[in-house]
Amino acid sequence: MNGLPRNDIEVVVTGVGATTPLGGDVPATWEGLLAGRGGASALDTEWTREYQFPVRIAARLAVEPDRDLDHVELKRMDRAEQLAVVASRQACRDASLTGDTVDPLRCGVVIGTGIGGATTLVAQHDALREGGLRAVSPQLIPMVMPNGPAALVGLALRARAGVHAPMSACASGAEAIAWAWRMIMAGEADVVVAGGTDACITPAIMAGFTRARSMSTRNASPETASRPFDAGRDGFVLGEGAGILVLERAGFAAARGVKAYGTLAGVGMSNDAHHITAPDPDGVGQSTAITTALRRAGLGAEDIGHVNAHATSTPLGDLTESVTIRRVLGDGPVVTAPKGALGHLLGGSGAVEAIATVLSVRDGLVPPTANLDTLDDRIGLDVVAGEPRRVTLTAAISNSFGFGGHNVTLAFTNG
Amino acid sequence: MTTSDDVERTLAQLIEKVSGTDPLARSAGRPLTGLSLRDELDIDSLAMVELTDEIENSYGLTIPEDGLHRLHTFGDVADYLRAVA
């Protein structure tokens, strides 16, 4: 095994699962995206009042995980882990993936998280201070470790080909999918369950993003606060959620007769090496991610009919990405920014948005960018607003970028 | 199989609360006392710490740090409780 991708292997998507602010599964989330429905709402809590948070908006889950998990699972898993498990079960059901579908030695899991078990860590620290050592759960470590979501899903699947947890902040979910693609292309696995999760609408994390002045303060109108590419955008809206895809070697999927949503034809990863949080204004790293994904997919710029943008609704980030997309792909692709509806799911976002991209390619339908009323006149792109748009698509990309300079592009085709 | 006394009844409830596995359902007619904590009742080493906490809260006891970790079966724990509670 030399680890180099083999050109005789294709990777297909055979199952999808998600729990997001728009719905408790993929159909409900997709319906919300197509409707351009804002998933954010007012966040009025004891701590937002006590600490006078200037940000009082969040995109919380539409369906609580206690619908799907029993009391022991809820107690032993951090919320980010709970969401990953819920979405994984959906994806595996969708792919007809059961315990004996694949040799455990040929099954892998890659699930990333941007923040991980922060909610549990803070709560348990409070418990320690208030109640002493014996007030701390013995489950604390598996609940806060960033590989926890991947490990729990791997245990359920008995995945022995490798269980990994890439961490690249808000690109983590997309990076997980990229690593899953690499595992299959390298011949290391036939099936890899991959995606991302995060759930940290919690005082410490909200305070950190608030102090960094990253988030929207459009408190009077929470559902319209996340407005990527809009002239009036003023920051992102913190959300929570998870997305999971079942990726398979195409030959394996065909042999067991399961449907494929589409093909993950290529992936590109790069780093800005510019600044710990700000994107490189020249977009060199972002361009590299896109061009690498296209090259590996055997696609040209003219093949990309649609871009599912990372665009988080921050003034600088959206502008930088738009310049990159235009430079690399021209002004032809139909662009959407799902964070207008979803909010920013951090480690979950890249995976949920990958699912949306796969569905767009399959259905030839691009959701509108929620809350895009007035396109920033510096954004020289064809951004869908208002209504979904019918487009004949053969290929599309999904971008995800993260603090730390991480850039990931996933290229999907309907082949 | 039914529990033979209040200790077994309470212990069964606490185990179900901790691990999600109901000893009464698991016993399938066998005596509860022989059920393996780890293999049949899903009480692994972390769950044993949780079970210790639950027993302490229920009985108002303080169990030494290694009090339950040498015990292997439902009956071992029940006997321990009858001795100290």
# chains A, B, ... in the order shown; residues from 1 in each chain; ligands from 1
>>> select_by_dssp(residues="region 124-266 of chain A", states="strand (DSSP E)", output="list in words")
Gly162, Val163, His164, Val191, Val192, Val193, Ala194, Gly195, Gly196, Thr197, Asp198, Gly241, Ala242, Gly243, Ile244, Leu245, Val246, Leu247, Glu248, Arg249, Gly262, Thr263, Leu264, Ala265 and Gly266 of chain A
>>> write_last_selection(atoms="C-alpha atoms", output="mmCIF file, in the first residue's frame")
data_model
loop_
_atom_site.group_PDB
_atom_site.id
_atom_site.type_symbol
_atom_site.label_atom_id
_atom_site.label_comp_id
_atom_site.auth_asym_id
_atom_site.auth_seq_id
_atom_site.Cartn_x
_atom_site.Cartn_y
_atom_site.Cartn_z
ATOM 1 C CA GLY A 162 -9.580 3.049 10.796
ATOM 2 C CA VAL A 163 -11.487 5.641 12.807
ATOM 3 C CA HIS A 164 -10.237 9.189 12.435
ATOM 4 C CA VAL A 191 -17.143 1.832 3.037
ATOM 5 C CA VAL A 192 -16.384 4.926 5.104
ATOM 6 C CA VAL A 193 -18.978 6.744 7.183
ATOM 7 C CA ALA A 194 -17.892 10.370 7.261
ATOM 8 C CA GLY A 195 -18.997 13.833 8.273
ATOM 9 C CA GLY A 196 -18.909 16.414 11.000
ATOM 10 C CA THR A 197 -20.647 17.588 14.126
ATOM 11 C CA ASP A 198 -20.713 20.434 16.606
ATOM 12 C CA GLY A 241 -25.875 20.220 13.929
ATOM 13 C CA ALA A 242 -24.323 17.228 12.262
ATOM 14 C CA GLY A 243 -24.162 15.750 8.796
ATOM 15 C CA ILE A 244 -23.007 12.260 7.895
ATOM 16 C CA LEU A 245 -22.478 10.602 4.516
ATOM 17 C CA VAL A 246 -21.915 6.961 3.679
ATOM 18 C CA LEU A 247 -19.177 6.832 1.068
ATOM 19 C CA GLU A 248 -18.442 3.640 -0.803
ATOM 20 C CA ARG A 249 -16.212 2.270 -3.469
ATOM 21 C CA GLY A 262 -23.820 10.889 -6.820
ATOM 22 C CA THR A 263 -20.059 10.579 -7.036
ATOM 23 C CA LEU A 264 -17.466 12.289 -4.873
ATOM 24 C CA ALA A 265 -15.180 12.760 -7.817
ATOM 25 C CA GLY A 266 -12.333 14.661 -6.213
#
>>> interface_residues(of="chain A", to="chain B", cutoff="12 Å", atoms="only C-alpha atoms", output="ChimeraX atom specification")
/A:69-76,133-142
>>> residues_around(residues="region 89-98 of chain A", least_positions_apart="5", cutoff="8 Å", atoms="only C-alpha atoms", output="list in words")
Thr14, Gly15, Val16, Gly17, Ala18, Asp25, Leu157, Ile244, Leu245, Val246, Val258 and Lys259 of chain A
>>> write_last_selection(atoms="N, CA and C atoms", output="mmCIF file, in the first residue's frame")
data_model
loop_
_atom_site.group_PDB
_atom_site.id
_atom_site.type_symbol
_atom_site.label_atom_id
_atom_site.label_comp_id
_atom_site.auth_asym_id
_atom_site.auth_seq_id
_atom_site.Cartn_x
_atom_site.Cartn_y
_atom_site.Cartn_z
ATOM 1 N N THR A 14 -23.824 6.844 -0.851
ATOM 2 C CA THR A 14 -24.969 5.923 -0.840
ATOM 3 C C THR A 14 -25.938 6.176 0.312
ATOM 4 N N GLY A 15 -25.553 7.062 1.230
ATOM 5 C CA GLY A 15 -26.462 7.353 2.331
ATOM 6 C C GLY A 15 -26.168 8.714 2.914
ATOM 7 N N VAL A 16 -27.210 9.381 3.389
ATOM 8 C CA VAL A 16 -27.024 10.696 4.007
ATOM 9 C C VAL A 16 -27.883 10.794 5.260
ATOM 10 N N GLY A 17 -27.367 11.523 6.242
ATOM 11 C CA GLY A 17 -28.125 11.761 7.474
ATOM 12 C C GLY A 17 -27.750 13.103 8.039
ATOM 13 N N ALA A 18 -28.682 13.753 8.691
ATOM 14 C CA ALA A 18 -28.380 15.069 9.261
ATOM 15 C C ALA A 18 -29.400 15.426 10.325
ATOM 16 N N ASP A 25 -33.817 15.670 10.032
ATOM 17 C CA ASP A 25 -33.262 14.707 9.069
ATOM 18 C C ASP A 25 -32.948 15.436 7.763
ATOM 19 N N LEU A 157 -20.456 0.561 14.398
ATOM 20 C CA LEU A 157 -20.305 -0.109 13.097
ATOM 21 C C LEU A 157 -19.235 -1.191 13.131
ATOM 22 N N ILE A 244 -23.793 13.477 8.102
ATOM 23 C CA ILE A 244 -23.007 12.260 7.895
ATOM 24 C C ILE A 244 -23.343 11.679 6.520
ATOM 25 N N LEU A 245 -22.300 11.256 5.811
ATOM 26 C CA LEU A 245 -22.478 10.602 4.516
ATOM 27 C C LEU A 245 -21.882 9.194 4.579
ATOM 28 N N VAL A 246 -22.532 8.270 3.895
ATOM 29 C CA VAL A 246 -21.915 6.961 3.679
ATOM 30 C C VAL A 246 -21.261 6.999 2.308
ATOM 31 N N VAL A 258 -27.113 -1.024 -4.128
ATOM 32 C CA VAL A 258 -27.701 0.159 -3.496
ATOM 33 C C VAL A 258 -27.606 1.353 -4.437
ATOM 34 N N LYS A 259 -28.538 2.272 -4.254
ATOM 35 C CA LYS A 259 -28.565 3.477 -5.081
ATOM 36 C C LYS A 259 -27.399 4.387 -4.697
#
>>> closest_residue(among="A:Ala254, A:Ala396, A:Cys200, A:Ala84", to="Gly114 (chain A)", atoms="only C-alpha atoms")
A:Cys200
>>> residues_around(residues="Ile205 (chain A)", least_positions_apart="3", cutoff="9 Å", atoms="only C-alpha atoms", output="list in words")
Ile115, Ala118, Thr119, Cys200, Ile201, Thr202, Gly208, Phe209 and Thr210 of chain A
>>> residues_around(residues="Leu393 (chain A)", least_positions_apart="4", cutoff="8 Å", atoms="only C-alpha atoms", output="list in words")
Ile304, Gly305, His306, Ser360, Val361, Arg362, Gly364 and Asn414 of chain A
>>> residues_around(residues="Tyr80 (chain B)", least_positions_apart="5", cutoff="12 Å", atoms="only C-alpha atoms", output="list in words")
Val7, Glu8, Leu11, Thr52, Ile55, Leu61, Ile63, Gly67, Leu68, His69, Arg70, Leu71, His72, Thr73, Phe74, Gly75 and Ala85 of chain B
>>> select_by_dssp(residues="region 101-202 of chain A", states="alpha helix (DSSP H)", output="PyMOL selection string")
chain A and resi 118-131+140-144+148-157+172-185
>>> residues_around(residues="region 223-238 of chain A", least_positions_apart="2", cutoff="7 Å", atoms="only C-alpha atoms", output="number ranges by chain")
A: 38-41, 57-59, 201, 214-216, 218, 221, 311-315, 318, 337, 339-340, 343-345, 370-376, 379
>>> write_last_selection(atoms="N, CA and C atoms", output="mmCIF file, in the first residue's frame")
data_model
loop_
_atom_site.group_PDB
_atom_site.id
_atom_site.type_symbol
_atom_site.label_atom_id
_atom_site.label_comp_id
_atom_site.auth_asym_id
_atom_site.auth_seq_id
_atom_site.Cartn_x
_atom_site.Cartn_y
_atom_site.Cartn_z
ATOM 1 N N GLY A 38 -35.019 30.802 7.350
ATOM 2 C CA GLY A 38 -33.968 31.073 8.336
ATOM 3 C C GLY A 38 -34.148 30.204 9.564
ATOM 4 N N GLY A 39 -33.096 29.481 9.950
ATOM 5 C CA GLY A 39 -33.206 28.553 11.077
ATOM 6 C C GLY A 39 -32.834 29.157 12.418
ATOM 7 N N ALA A 40 -32.459 30.421 12.419
ATOM 8 C CA ALA A 40 -32.023 31.045 13.684
ATOM 9 C C ALA A 40 -33.207 31.623 14.437
ATOM 10 N N SER A 41 -33.006 31.770 15.738
ATOM 11 C CA SER A 41 -34.055 32.363 16.571
ATOM 12 C C SER A 41 -33.399 33.114 17.730
ATOM 13 N N ILE A 57 -28.627 35.611 19.469
ATOM 14 C CA ILE A 57 -29.198 34.860 18.345
ATOM 15 C C ILE A 57 -28.455 33.531 18.254
ATOM 16 N N ALA A 58 -29.159 32.480 17.930
ATOM 17 C CA ALA A 58 -28.492 31.206 17.648
ATOM 18 C C ALA A 58 -29.412 30.351 16.785
ATOM 19 N N ALA A 59 -28.791 29.423 16.076
ATOM 20 C CA ALA A 59 -29.555 28.481 15.245
ATOM 21 C C ALA A 59 -29.516 27.126 15.929
ATOM 22 N N ILE A 201 -23.524 25.863 21.557
ATOM 23 C CA ILE A 201 -24.192 27.134 21.861
ATOM 24 C C ILE A 201 -24.197 27.255 23.382
ATOM 25 N N SER A 214 -17.083 38.234 15.715
ATOM 26 C CA SER A 214 -17.332 37.440 14.506
ATOM 27 C C SER A 214 -18.812 37.277 14.199
ATOM 28 N N MET A 215 -19.671 37.547 15.192
ATOM 29 C CA MET A 215 -21.073 37.154 15.045
ATOM 30 C C MET A 215 -22.003 38.339 14.808
ATOM 31 N N SER A 216 -23.100 38.034 14.149
ATOM 32 C CA SER A 216 -24.118 39.050 13.888
ATOM 33 C C SER A 216 -24.776 39.497 15.195
ATOM 34 N N ARG A 218 -27.690 41.260 14.913
ATOM 35 C CA ARG A 218 -28.999 41.679 14.413
ATOM 36 C C ARG A 218 -30.094 41.063 15.279
ATOM 37 N N SER A 221 -34.001 40.816 14.652
ATOM 38 C CA SER A 221 -34.559 39.983 13.578
ATOM 39 C C SER A 221 -33.700 38.727 13.403
ATOM 40 N N ALA A 311 -19.278 30.762 2.532
ATOM 41 C CA ALA A 311 -19.836 32.064 2.956
ATOM 42 C C ALA A 311 -20.607 32.057 4.274
ATOM 43 N N THR A 312 -19.996 32.610 5.300
ATOM 44 C CA THR A 312 -20.579 32.547 6.638
ATOM 45 C C THR A 312 -21.378 33.777 7.021
ATOM 46 N N SER A 313 -21.355 34.789 6.145
ATOM 47 C CA SER A 313 -22.035 36.066 6.412
ATOM 48 C C SER A 313 -21.122 37.059 7.120
ATOM 49 N N THR A 314 -19.818 36.813 7.075
ATOM 50 C CA THR A 314 -18.888 37.831 7.597
ATOM 51 C C THR A 314 -18.468 38.734 6.444
ATOM 52 N N PRO A 315 -18.234 40.017 6.735
ATOM 53 C CA PRO A 315 -17.901 40.961 5.654
ATOM 54 C C PRO A 315 -16.667 40.535 4.853
ATOM 55 N N ASP A 318 -16.813 36.426 3.120
ATOM 56 C CA ASP A 318 -17.649 36.243 1.931
ATOM 57 C C ASP A 318 -17.011 36.907 0.717
ATOM 58 N N ALA A 337 -25.378 29.963 -0.736
ATOM 59 C CA ALA A 337 -24.704 29.957 0.569
ATOM 60 C C ALA A 337 -25.696 29.460 1.616
ATOM 61 N N LYS A 339 -25.554 28.789 4.667
ATOM 62 C CA LYS A 339 -25.518 29.288 6.053
ATOM 63 C C LYS A 339 -26.535 30.398 6.301
ATOM 64 N N GLY A 340 -27.090 30.989 5.225
ATOM 65 C CA GLY A 340 -28.171 31.941 5.437
ATOM 66 C C GLY A 340 -29.355 31.283 6.122
ATOM 67 N N GLY A 343 -27.457 28.809 9.534
ATOM 68 C CA GLY A 343 -26.488 29.332 10.494
ATOM 69 C C GLY A 343 -25.180 28.582 10.281
ATOM 70 N N HIS A 344 -24.232 28.837 11.163
ATOM 71 C CA HIS A 344 -22.917 28.219 11.009
ATOM 72 C C HIS A 344 -22.798 27.039 11.982
ATOM 73 N N LEU A 345 -22.799 25.841 11.437
ATOM 74 C CA LEU A 345 -22.758 24.629 12.261
ATOM 75 C C LEU A 345 -21.324 24.220 12.601
ATOM 76 N N ALA A 370 -30.692 32.162 1.771
ATOM 77 C CA ALA A 370 -31.687 32.807 2.630
ATOM 78 C C ALA A 370 -31.211 34.202 3.035
ATOM 79 N N ASN A 371 -32.119 35.124 3.054
ATOM 80 C CA ASN A 371 -31.887 36.499 3.539
ATOM 81 C C ASN A 371 -31.010 37.345 2.629
ATOM 82 N N LEU A 372 -30.759 36.869 1.428
ATOM 83 C CA LEU A 372 -29.997 37.686 0.480
ATOM 84 C C LEU A 372 -30.981 38.637 -0.207
ATOM 85 N N ASP A 373 -31.034 39.863 0.298
ATOM 86 C CA ASP A 373 -31.954 40.859 -0.263
ATOM 87 C C ASP A 373 -31.248 41.763 -1.264
ATOM 88 N N THR A 374 -30.060 42.222 -0.871
ATOM 89 C CA THR A 374 -29.307 43.141 -1.724
ATOM 90 C C THR A 374 -27.889 42.616 -1.861
ATOM 91 N N LEU A 375 -27.581 42.096 -3.029
ATOM 92 C CA LEU A 375 -26.242 41.538 -3.233
ATOM 93 C C LEU A 375 -25.195 42.640 -3.090
ATOM 94 N N ASP A 376 -24.205 42.387 -2.235
ATOM 95 C CA ASP A 376 -23.061 43.301 -2.097
ATOM 96 C C ASP A 376 -22.484 43.541 -3.500
ATOM 97 N N ILE A 379 -19.570 41.592 -4.888
ATOM 98 C CA ILE A 379 -19.664 40.136 -5.092
ATOM 99 C C ILE A 379 -20.056 39.885 -6.547
#
>>> closest_residue(among="A:Asp190, A:Ala35, A:Gly24, A:Leu155", to="Leu105 (chain A)", atoms="only C-alpha atoms")
A:Asp190
>>> atom_distance(atom1="CA of Ala151 (chain A)", atom2="CA of Val110 (chain A)")
9.0 Å
